[in-house]
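Q: Got a structure for you, run24.txt, holding compact mmCIF, C-alpha atoms and all ligand atoms.
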```txt
# COMPACT_ATOMS: atom_id res chain seq x y z
CA MET J 1 -2.05 25.78 82.53
CA LEU J 2 -0.81 27.56 79.42
CA ASP J 3 1.13 25.70 76.78
CA ILE J 4 3.81 28.28 76.01
CA ARG J 5 5.76 27.96 72.76
CA ILE J 6 9.27 29.40 72.95
CA GLU J 7 11.18 31.05 70.15
CA LYS J 8 14.60 32.21 71.31
CA THR J 9 16.30 35.22 69.85
CA THR J 10 19.22 34.52 67.54
CA GLU J 11 20.58 38.02 68.15
CA PRO J 12 20.85 38.58 71.91
CA LYS J 13 21.32 42.21 72.82
CA GLN J 14 24.11 43.64 74.93
CA LYS J 15 22.99 43.65 78.55
CA PRO J 16 23.63 46.75 80.63
CA ALA J 17 26.92 46.51 82.50
CA LYS J 18 27.08 46.23 86.28
CA GLY J 19 27.03 49.71 87.76
CA GLU J 20 25.51 51.24 84.61
CA LYS J 21 22.79 53.87 85.23
CA LEU J 22 19.54 52.29 84.07
CA GLY J 23 16.89 54.88 84.77
CA PHE J 24 13.34 53.68 84.17
CA GLY J 25 11.63 52.24 81.12
CA HIS J 26 14.21 52.75 78.39
CA VAL J 27 15.93 49.38 78.13
CA PHE J 28 14.12 46.15 77.16
CA THR J 29 15.16 42.52 77.39
CA ASP J 30 15.59 39.99 74.57
CA HIS J 31 12.13 38.44 74.69
CA MET J 32 8.46 39.13 75.28
CA PHE J 33 5.40 37.07 76.07
CA VAL J 34 2.47 37.28 73.64
CA MET J 35 -0.97 35.66 73.65
CA ASN J 36 -3.99 36.24 71.41
CA TYR J 37 -7.66 36.36 72.20
CA THR J 38 -10.32 35.67 69.62
CA GLU J 39 -14.01 35.65 70.41
CA GLY J 40 -15.32 32.09 70.39
CA LYS J 41 -11.83 30.66 70.80
CA GLY J 42 -10.66 32.37 73.98
CA TRP J 43 -7.02 33.09 74.84
CA HIS J 44 -4.69 31.09 72.62
CA ASP J 45 -1.21 30.85 71.09
CA ALA J 46 0.74 31.68 74.23
CA ARG J 47 4.34 32.23 73.17
CA ILE J 48 7.64 33.80 74.14
CA VAL J 49 9.28 35.41 71.13
CA PRO J 50 12.16 37.83 70.51
CA PHE J 51 11.32 41.40 71.61
CA GLN J 52 10.00 43.02 68.44
CA ASN J 53 7.65 45.63 67.01
CA ILE J 54 4.03 44.65 66.59
CA SER J 55 2.13 45.33 63.41
CA LEU J 56 -1.53 46.36 63.62
CA SER J 57 -4.03 47.88 61.23
CA PRO J 58 -4.26 51.66 61.68
CA ALA J 59 -7.95 50.95 62.28
CA ALA J 60 -7.12 48.74 65.32
CA MET J 61 -9.58 49.74 68.02
CA VAL J 62 -6.98 50.50 70.68
CA TYR J 63 -5.74 53.49 68.68
CA HIS J 64 -9.13 55.14 68.59
CA TYR J 65 -11.08 54.48 71.75
CA GLY J 66 -8.37 53.44 74.17
CA GLN J 67 -9.64 49.96 75.07
CA GLU J 68 -6.50 48.78 76.84
CA MET J 69 -5.19 47.91 80.28
CA PHE J 70 -1.80 47.49 81.90
CA GLU J 71 -0.13 46.23 85.03
CA GLY J 72 3.17 47.09 86.71
CA MET J 73 5.23 44.73 88.84
CA LYS J 74 8.86 43.80 89.44
CA ALA J 75 11.22 40.83 89.61
CA TYR J 76 14.12 41.00 92.06
CA LYS J 77 17.40 39.16 92.27
CA GLY J 78 17.53 38.25 95.94
CA VAL J 79 20.64 38.45 98.10
CA ASP J 80 20.53 34.61 97.97
CA GLY J 81 20.80 34.69 94.16
CA LYS J 82 17.20 33.55 93.66
CA THR J 83 14.66 35.37 91.52
CA TYR J 84 11.57 36.69 93.28
CA LEU J 85 8.24 38.27 92.43
CA PHE J 86 6.21 40.26 94.96
CA ARG J 87 2.55 39.23 95.39
CA PRO J 88 1.90 38.45 91.69
CA ASP J 89 -1.53 37.04 92.56
CA MET J 90 -2.61 40.59 93.47
CA ASN J 91 -1.69 41.85 90.00
CA ALA J 92 -3.55 38.92 88.43
CA LYS J 93 -6.69 39.75 90.44
CA ARG J 94 -6.45 43.45 89.65
CA THR J 95 -6.02 42.66 85.95
CA ASN J 96 -9.41 41.00 85.97
CA GLU J 97 -11.01 43.87 87.90
CA THR J 98 -9.66 46.26 85.28
CA ASN J 99 -10.69 43.96 82.44
CA LYS J 100 -14.24 43.75 83.74
CA ARG J 101 -14.56 47.54 83.73
CA LEU J 102 -13.12 47.83 80.21
CA CYS J 103 -15.05 44.89 78.68
CA ILE J 104 -11.79 43.01 78.09
CA PRO J 105 -12.07 39.22 78.54
CA GLN J 106 -10.92 37.71 81.84
CA ILE J 107 -7.59 35.88 82.09
CA PRO J 108 -7.41 32.99 84.58
CA GLU J 109 -5.26 34.21 87.49
CA GLU J 110 -2.96 31.21 87.32
CA ASP J 111 -2.39 31.80 83.58
CA PHE J 112 -1.46 35.43 84.22
CA VAL J 113 1.04 34.44 86.92
CA GLN J 114 2.41 31.59 84.78
CA ALA J 115 2.95 33.97 81.85
CA VAL J 116 4.78 36.49 84.07
CA GLU J 117 6.95 33.76 85.57
CA ALA J 118 7.78 32.28 82.16
CA ALA J 119 8.74 35.67 80.74
CA VAL J 120 10.93 36.48 83.76
CA LYS J 121 12.55 33.03 83.73
CA MET J 122 13.42 33.42 80.06
CA ASP J 123 15.26 36.71 80.62
CA GLU J 124 16.40 36.04 84.18
CA ASP J 125 19.96 37.06 83.26
CA TRP J 126 18.65 40.56 82.58
CA ILE J 127 17.67 41.17 86.20
CA PRO J 128 20.13 43.78 87.42
CA THR J 129 21.90 43.10 90.70
CA ASP J 130 23.14 46.51 91.81
CA GLU J 131 21.63 47.78 95.08
CA GLY J 132 18.05 48.97 94.58
CA THR J 133 17.70 47.74 90.99
CA SER J 134 15.07 45.36 89.61
CA LEU J 135 13.43 44.08 86.45
CA TYR J 136 10.25 46.06 85.80
CA ILE J 137 7.47 43.92 84.34
CA ARG J 138 4.82 45.48 82.12
CA PRO J 139 1.92 43.21 81.19
CA PHE J 140 -0.70 44.90 78.99
CA ILE J 141 -3.71 44.10 76.81
CA ILE J 142 -4.83 45.97 73.70
CA ALA J 143 -7.97 45.77 71.54
CA THR J 144 -6.97 44.78 68.02
CA ASP J 145 -10.16 44.56 65.89
CA GLU J 146 -9.86 46.45 62.61
CA PHE J 147 -13.05 48.43 63.09
CA LEU J 148 -13.98 52.06 63.73
CA GLY J 149 -17.27 51.33 65.46
CA VAL J 150 -17.56 51.93 69.18
CA ALA J 151 -17.93 48.49 70.80
CA PRO J 152 -15.80 46.05 72.74
CA SER J 153 -13.23 44.44 70.44
CA LYS J 154 -13.58 40.74 69.59
CA THR J 155 -9.80 40.24 69.42
CA TYR J 156 -6.99 41.23 71.81
CA LEU J 157 -3.27 40.89 72.36
CA PHE J 158 -1.86 40.24 75.82
CA ILE J 159 1.83 41.12 75.92
CA ILE J 160 4.46 41.20 78.67
CA ILE J 161 7.62 43.22 78.22
CA LEU J 162 10.49 43.49 80.69
CA SER J 163 12.72 46.44 81.47
CA PRO J 164 15.75 46.43 83.76
CA SER J 165 15.45 49.52 85.92
CA GLY J 166 17.71 51.43 88.21
CA ALA J 167 17.28 52.34 91.83
CA TYR J 168 14.42 54.86 91.97
CA TYR J 169 16.47 57.05 94.25
CA ALA J 170 20.06 57.17 93.08
CA SER J 171 21.37 58.44 96.42
CA GLY J 172 18.99 57.27 99.12
CA LEU J 173 15.36 58.20 99.68
CA ALA J 174 14.76 61.81 98.71
CA PRO J 175 11.57 63.65 99.72
CA VAL J 176 9.54 65.01 96.79
CA GLY J 177 7.33 68.08 96.45
CA ILE J 178 3.68 67.46 95.59
CA TRP J 179 1.16 69.71 93.92
CA ILE J 180 -2.45 69.34 95.10
CA GLU J 181 -4.46 69.93 91.94
CA ASP J 182 -7.54 72.08 92.42
CA GLU J 183 -8.70 72.55 88.83
CA PHE J 184 -8.42 69.29 86.86
CA VAL J 185 -9.65 65.92 88.14
CA ARG J 186 -8.48 62.40 87.35
CA ALA J 187 -11.51 60.21 87.99
CA VAL J 188 -15.03 60.16 89.39
CA LYS J 189 -17.12 57.48 91.06
CA GLY J 190 -18.62 55.27 88.39
CA GLY J 191 -15.71 56.10 86.09
CA MET J 192 -12.59 53.98 85.79
CA GLY J 193 -10.30 55.43 88.45
CA PHE J 194 -9.90 52.02 90.11
CA ALA J 195 -8.80 50.43 86.82
CA LYS J 196 -5.22 50.41 85.57
CA THR J 197 -5.79 51.79 82.10
CA GLY J 198 -4.09 54.29 79.84
CA GLY J 199 -7.09 56.62 79.69
CA ASN J 200 -6.61 57.62 83.32
CA TYR J 201 -3.05 58.61 82.52
CA ALA J 202 -4.03 60.52 79.38
CA ALA J 203 -6.39 62.56 81.56
CA SER J 204 -3.63 63.25 84.07
CA LEU J 205 -0.93 64.69 81.80
CA ILE J 206 -2.18 68.27 81.75
CA ALA J 207 -1.99 68.58 85.53
CA GLN J 208 1.40 66.89 85.60
CA VAL J 209 2.73 69.47 83.15
CA LYS J 210 1.25 72.21 85.32
CA ALA J 211 2.86 70.75 88.47
CA HIS J 212 6.26 70.43 86.76
CA ASP J 213 6.04 74.02 85.54
CA GLY J 214 5.37 75.03 89.14
CA GLY J 215 8.47 73.15 90.33
CA TYR J 216 6.68 70.10 91.79
CA SER J 217 7.37 66.53 90.79
CA GLN J 218 3.93 64.92 91.20
CA VAL J 219 0.23 65.70 91.35
CA LEU J 220 -2.05 64.83 94.25
CA TRP J 221 -5.63 64.50 93.02
CA LEU J 222 -8.75 65.59 94.81
CA ASP J 223 -12.14 63.90 94.33
CA GLY J 224 -13.85 64.64 91.04
CA VAL J 225 -17.13 65.94 92.45
CA GLU J 226 -16.36 68.35 95.28
CA ARG J 227 -12.59 68.75 94.77
CA LYS J 228 -12.45 68.46 98.52
CA TYR J 229 -11.25 64.96 99.46
CA ILE J 230 -7.76 63.54 98.92
CA GLU J 231 -7.59 60.70 96.38
CA GLU J 232 -4.09 59.69 95.26
CA VAL J 233 -0.87 60.78 93.55
CA GLY J 234 -0.23 60.32 89.81
CA ALA J 235 0.98 56.71 90.04
CA MET J 236 1.05 56.26 93.80
CA ASN J 237 -1.36 55.96 96.70
CA ILE J 238 -0.87 58.44 99.52
CA PHE J 239 -0.44 58.02 103.29
CA PHE J 240 -0.34 60.49 106.16
CA LYS J 241 0.82 60.07 109.71
CA ILE J 242 -1.35 62.36 111.81
CA LYS J 243 -0.85 62.41 115.59
CA GLY J 244 0.65 58.93 115.57
CA LYS J 245 -2.09 57.36 113.43
CA VAL J 246 -1.64 56.18 109.86
CA VAL J 247 -4.35 57.61 107.61
CA THR J 248 -5.00 56.88 103.93
CA PRO J 249 -7.99 57.54 101.66
CA ALA J 250 -10.42 54.62 101.57
CA LEU J 251 -10.83 52.78 98.26
CA ASN J 252 -13.94 54.45 96.90
CA GLY J 253 -14.00 53.39 93.25
CA SER J 254 -12.00 56.31 91.90
CA ILE J 255 -8.69 55.34 93.57
CA LEU J 256 -6.34 52.69 92.21
CA PRO J 257 -6.06 49.83 94.72
CA GLY J 258 -2.27 49.60 94.94
CA VAL J 259 -0.52 46.38 95.90
CA THR J 260 2.04 48.50 97.76
CA ARG J 261 -0.79 50.36 99.54
CA ASN J 262 -2.24 47.06 100.70
CA SER J 263 1.19 45.88 101.86
CA VAL J 264 1.98 49.10 103.77
CA ILE J 265 -1.35 48.88 105.60
CA ALA J 266 -0.63 45.25 106.57
CA VAL J 267 2.89 46.07 107.81
CA CYS J 268 1.70 49.12 109.80
CA LYS J 269 -1.02 47.05 111.49
CA HIS J 270 1.50 44.28 112.18
CA TRP J 271 3.68 46.86 113.93
CA GLY J 272 0.75 47.98 116.08
CA TYR J 273 -0.13 51.24 114.36
CA GLU J 274 -3.73 52.28 114.14
CA VAL J 275 -4.56 52.55 110.44
CA GLU J 276 -7.57 54.52 109.24
CA GLU J 277 -8.87 54.09 105.70
CA ARG J 278 -11.32 56.95 105.37
CA ARG J 279 -12.16 60.22 103.66
CA ILE J 280 -9.63 62.97 104.32
CA SER J 281 -10.50 66.48 103.25
CA VAL J 282 -7.79 68.79 101.99
CA ASP J 283 -8.90 71.27 104.68
CA GLU J 284 -8.23 68.69 107.40
CA LEU J 285 -4.80 68.12 105.90
CA VAL J 286 -3.92 71.82 105.70
CA ALA J 287 -5.09 72.30 109.30
CA ALA J 288 -3.05 69.30 110.49
CA ALA J 289 0.02 70.67 108.71
CA GLN J 290 -0.49 74.13 110.22
CA ASN J 291 -0.94 72.97 113.81
CA GLY J 292 1.92 70.49 113.65
CA ASP J 293 -0.17 67.27 113.72
CA LEU J 294 0.92 66.16 110.25
CA GLU J 295 4.01 64.15 111.08
CA GLU J 296 4.79 62.25 107.88
CA VAL J 297 3.56 61.95 104.30
CA TRP J 298 4.56 59.26 101.82
CA GLY J 299 3.41 57.76 98.54
CA THR J 300 3.32 54.04 97.73
CA GLY J 301 3.69 52.31 94.37
CA THR J 302 5.63 49.53 92.70
CA ALA J 303 8.16 51.85 91.03
CA ALA J 304 9.34 53.81 94.09
CA VAL J 305 7.92 51.40 96.72
CA VAL J 306 7.73 54.12 99.39
CA SER J 307 8.33 57.73 98.43
CA PRO J 308 8.70 60.38 101.13
CA VAL J 309 6.89 63.69 100.57
CA GLY J 310 8.64 66.76 101.95
CA LYS J 311 6.39 69.49 100.62
CA LEU J 312 2.72 69.89 99.68
CA ARG J 313 1.25 72.84 97.84
CA TYR J 314 -2.47 73.62 97.87
CA LYS J 315 -3.51 76.90 96.26
CA ASP J 316 -1.54 79.53 98.18
CA ASP J 317 -0.48 77.26 101.02
CA VAL J 318 2.91 75.56 100.88
CA MET J 319 3.33 73.01 103.65
CA THR J 320 6.71 71.60 104.61
CA ILE J 321 6.51 68.18 106.25
CA GLY J 322 9.04 67.02 108.82
CA GLY J 323 11.32 69.92 107.91
CA GLY J 324 11.62 68.38 104.41
CA GLU J 325 13.37 65.32 105.88
CA ILE J 326 12.30 61.67 105.60
CA GLY J 327 10.01 60.53 108.37
CA GLU J 328 11.06 57.70 110.65
CA LEU J 329 8.10 55.46 109.78
CA THR J 330 8.49 56.22 106.06
CA GLN J 331 12.10 55.04 106.15
CA LYS J 332 11.19 51.98 108.23
CA LEU J 333 8.46 50.98 105.79
CA TYR J 334 10.80 51.36 102.83
CA ASP J 335 13.44 49.22 104.54
CA GLU J 336 10.89 46.57 105.54
CA ILE J 337 9.15 46.16 102.19
CA THR J 338 12.28 46.31 100.05
CA GLY J 339 13.91 43.98 102.59
CA ILE J 340 11.15 41.44 101.95
CA GLN J 341 11.37 41.97 98.18
CA TRP J 342 15.14 41.43 98.00
CA GLY J 343 15.06 38.50 100.39
CA LYS J 344 17.04 40.38 103.05
CA LYS J 345 14.28 40.07 105.63
CA ASP J 346 11.84 37.45 106.87
CA ASP J 347 8.62 37.30 104.92
CA PRO J 348 5.96 36.84 107.63
CA PHE J 349 3.13 37.47 105.15
CA GLY J 350 4.30 35.01 102.48
CA TRP J 351 4.51 37.76 99.84
CA ARG J 352 7.74 36.69 98.13
CA VAL J 353 7.29 34.21 95.28
CA GLU J 354 10.33 32.40 93.94
CA VAL J 355 10.39 32.08 90.15
C1 LIG L 1 -0.24 51.41 89.61
C2 LIG L 1 -0.80 52.60 90.30
C3 LIG L 1 -0.64 52.80 91.68
C4 LIG L 1 0.22 51.94 92.56
O1 LIG L 1 -0.15 50.60 92.57
P1 LIG L 1 0.93 49.49 93.00
O2 LIG L 1 0.18 48.22 92.80
O3 LIG L 1 1.28 49.73 94.40
O4 LIG L 1 2.08 49.64 92.07
C5 LIG L 1 -1.28 53.89 92.25
N1 LIG L 1 -2.01 54.75 91.51
C6 LIG L 1 -2.16 54.60 90.18
C7 LIG L 1 -2.96 55.57 89.42
C8 LIG L 1 -1.56 53.52 89.53
O5 LIG L 1 -1.71 53.38 88.21
```
What does this structure look like when you write it as structure tokens?
A:
Amino acid sequence: MLDIRIEKTTEPKQKPAKGEKLGFGHVFTDHMFVMNYTEGKGWHDARIVPFQNISLSPAAMVYHYGQEMFEGMKAYKGVDGKTYLFRPDMNAKRTNETNKRLCIPQIPEEDFVQAVEAAVKMDEDWIPTDEGTSLYIRPFIIATDEFLGVAPSKTYLFIIILSPSGAYYASGLAPVGIWIEDEFVRAVKGGMGFAKTGGNYAASLIAQVKAHDGGYSQVLWLDGVERKYIEEVGAMNIFFKIKGKVVTPALNGSILPGVTRNSVIAVCKHWGYEVEERRISVDELVAAAQNGDLEEVWGTGTAAVVSPVGKLRYKDDVMTIGGGEIGELTQKLYDEITGIQWGKKDDPFGWRVEV
């Protein structure tokens, strides 16, 4: 149990008005959670303080070798007026998986969840209530030793910032076009593809720019060795419905184990769908698209929850899925999971956590 000191802001900011367009990641609440780590002492000085800049030595290790991690989750204002988190224990567990890979000290799961809950509680009034909106939660850890040597840092900062965000799709679910990248790769087995860390994103930017220039909104990565098997989208896991079956790449060490991915698999199985977690080659996918077996494609991630894919491009092949319209199962999954998150639907899995 953390002992969290609280310092309230004396200058509360103007909150966004009801109905105001929020977008994603531009607006921040009045406070943030901060906790230090020092070797020999462990995590200490848990506190909630006014949202402010942080001051670090320019030699701080995070700036040079990228020893950092982050998480992404959301708080929702339910239709019953209560504040909910969605499966925060999964983010706590994943934090420690990431930390292990990056030589960042472990955080007890219950401390992570307590910190998130305390931060959200403090700025509860910032949770937007318009349809489809939520409070995005960004926990992250950075290496802070003032040292240019290559080694794990002996000091860290764990910070949680909060950002009210708008509905991902302003006017209903809109299918996106996806670029299957055949030149650059994101991660390889033995690397850190399964970890939520900035380095993976730094490596992805060049392909994202390429995809945007080609008129596509996201990149779908192939495996780093053979460039043959489907891995995942920039910040989303990917699902296919092929001849009635739900198929998604198996977690193989280079794919990020999404909380939304896990939830979609559970819901599909609950509804009686056969779900296959396995290797899927891009050739299998192109063939399924060409002979009409590829019925639906969607991405899953905290930000968009479920994101329909209407078009896939691989080299010279452009595949249109479901005539560019949202698939029936895709829409049903979006309605079910957001319904659980906003407290509109029963929660048979016990995923909703009241703050
Ligand atoms: C965060 C993330 C996802 C989605 O994970 P969720 O837990 O569902 O939000 C997928 N891929 C990458 C690379 C990610 O960073």
Q: Just want the 9 Å neighbourhood of J:Met122, counted on only C-alpha atoms, with same-chain residues fewer than 3 positions away dropped. Output as a compact mmCIF listing (two decimals) with C-alpha atoms, in the coordinates of the input.
A:
```txt
# COMPACT_ATOMS: atom_id res chain seq x y z
CA LYS J 8 14.60 32.21 71.31
CA ASP J 30 15.59 39.99 74.57
CA HIS J 31 12.13 38.44 74.69
CA MET J 32 8.46 39.13 75.28
CA ILE J 48 7.64 33.80 74.14
CA GLU J 117 6.95 33.76 85.57
CA ALA J 118 7.78 32.28 82.16
CA ALA J 119 8.74 35.67 80.74
CA ASP J 125 19.96 37.06 83.26
```
Q: Taking (0.2, 71.2, 111.2) in the file's coordinates, which residues come within 10 Å, counting all atoms listed in the file, written as a count of residues only?
A: 17
Q: Give me the residues within 10 Å of J:Asp130 as a PyMOL selection string, counting all atoms listed in the file and dropping any in the same chain fewer than 4 places off.
A: chain J and resi 18-21+77+134+166-167
Q: Do you know which residues are within 9 Å of ligand LIG 1 (chain L) using only C-alpha atoms and all ligand atoms? Can you write them as a ChimeraX atom specification?
A: /J:70-73,90-91,94,193-198,200-201,232-238,255-263,299-305
Q: Which is closest to J:Leu22 among J:Thr133, J:Tyr334, J:Glu39, J:Phe239, if we use all atoms listed in the file?
A: J:Thr133
Q: Mind pulling up the distance from atom CA of J:Glu226 to atom CA of J:Val185?
A: 10.1 Å
Q: Taking the block just given, write stretch 110-123 of chain J to a file that holds N, CA, C and O atoms, as an mmCIF file, in the first residue's frame.
A:
```
data_model
loop_
_atom_site.group_PDB
_atom_site.id
_atom_site.type_symbol
_atom_site.label_atom_id
_atom_site.label_comp_id
_atom_site.auth_asym_id
_atom_site.auth_seq_id
_atom_site.Cartn_x
_atom_site.Cartn_y
_atom_site.Cartn_z
ATOM 1 N N GLU J 110 -0.272 -4.115 -7.086
ATOM 2 C CA GLU J 110 -1.296 -3.374 -6.342
ATOM 3 C C GLU J 110 -0.890 -1.899 -6.182
ATOM 4 O O GLU J 110 -1.748 -1.021 -6.127
ATOM 5 N N ASP J 111 0.415 -1.616 -6.140
ATOM 6 C CA ASP J 111 0.862 -0.222 -6.050
ATOM 7 C C ASP J 111 0.587 0.520 -7.361
ATOM 8 O O ASP J 111 0.173 1.683 -7.370
ATOM 9 N N PHE J 112 0.831 -0.184 -8.467
ATOM 10 C CA PHE J 112 0.556 0.419 -9.784
ATOM 11 C C PHE J 112 -0.922 0.785 -9.887
ATOM 12 O O PHE J 112 -1.281 1.907 -10.259
ATOM 13 N N VAL J 113 -1.785 -0.164 -9.541
ATOM 14 C CA VAL J 113 -3.232 0.072 -9.659
ATOM 15 C C VAL J 113 -3.664 1.169 -8.683
ATOM 16 O O VAL J 113 -4.454 2.053 -9.033
ATOM 17 N N GLN J 114 -3.107 1.148 -7.475
ATOM 18 C CA GLN J 114 -3.448 2.179 -6.486
ATOM 19 C C GLN J 114 -3.052 3.578 -6.991
ATOM 20 O O GLN J 114 -3.810 4.544 -6.842
ATOM 21 N N ALA J 115 -1.880 3.665 -7.611
ATOM 22 C CA ALA J 115 -1.407 4.952 -8.129
ATOM 23 C C ALA J 115 -2.336 5.466 -9.236
ATOM 24 O O ALA J 115 -2.706 6.648 -9.268
ATOM 25 N N VAL J 116 -2.729 4.552 -10.142
ATOM 26 C CA VAL J 116 -3.635 4.938 -11.230
ATOM 27 C C VAL J 116 -4.969 5.405 -10.647
ATOM 28 O O VAL J 116 -5.507 6.460 -11.030
ATOM 29 N N GLU J 117 -5.485 4.644 -9.699
ATOM 30 C CA GLU J 117 -6.783 4.995 -9.107
ATOM 31 C C GLU J 117 -6.714 6.342 -8.384
ATOM 32 O O GLU J 117 -7.627 7.166 -8.502
ATOM 33 N N ALA J 118 -5.616 6.571 -7.654
ATOM 34 C CA ALA J 118 -5.478 7.831 -6.911
ATOM 35 C C ALA J 118 -5.395 9.016 -7.868
ATOM 36 O O ALA J 118 -6.022 10.065 -7.637
ATOM 37 N N ALA J 119 -4.648 8.853 -8.954
ATOM 38 C CA ALA J 119 -4.509 9.936 -9.930
ATOM 39 C C ALA J 119 -5.862 10.246 -10.572
ATOM 40 O O ALA J 119 -6.250 11.411 -10.721
ATOM 41 N N VAL J 120 -6.590 9.181 -10.947
ATOM 42 C CA VAL J 120 -7.893 9.366 -11.598
ATOM 43 C C VAL J 120 -8.886 10.004 -10.627
ATOM 44 O O VAL J 120 -9.631 10.926 -10.989
ATOM 45 N N LYS J 121 -8.876 9.528 -9.383
ATOM 46 C CA LYS J 121 -9.799 10.059 -8.370
ATOM 47 C C LYS J 121 -9.577 11.564 -8.190
ATOM 48 O O LYS J 121 -10.521 12.354 -8.106
ATOM 49 N N MET J 122 -8.301 11.941 -8.151
ATOM 50 C CA MET J 122 -7.938 13.341 -7.925
ATOM 51 C C MET J 122 -8.529 14.253 -9.014
ATOM 52 O O MET J 122 -8.997 15.350 -8.722
ATOM 53 N N ASP J 123 -8.472 13.793 -10.250
ATOM 54 C CA ASP J 123 -8.933 14.620 -11.373
ATOM 55 C C ASP J 123 -10.189 14.044 -12.017
ATOM 56 O O ASP J 123 -10.415 14.189 -13.219
#
```
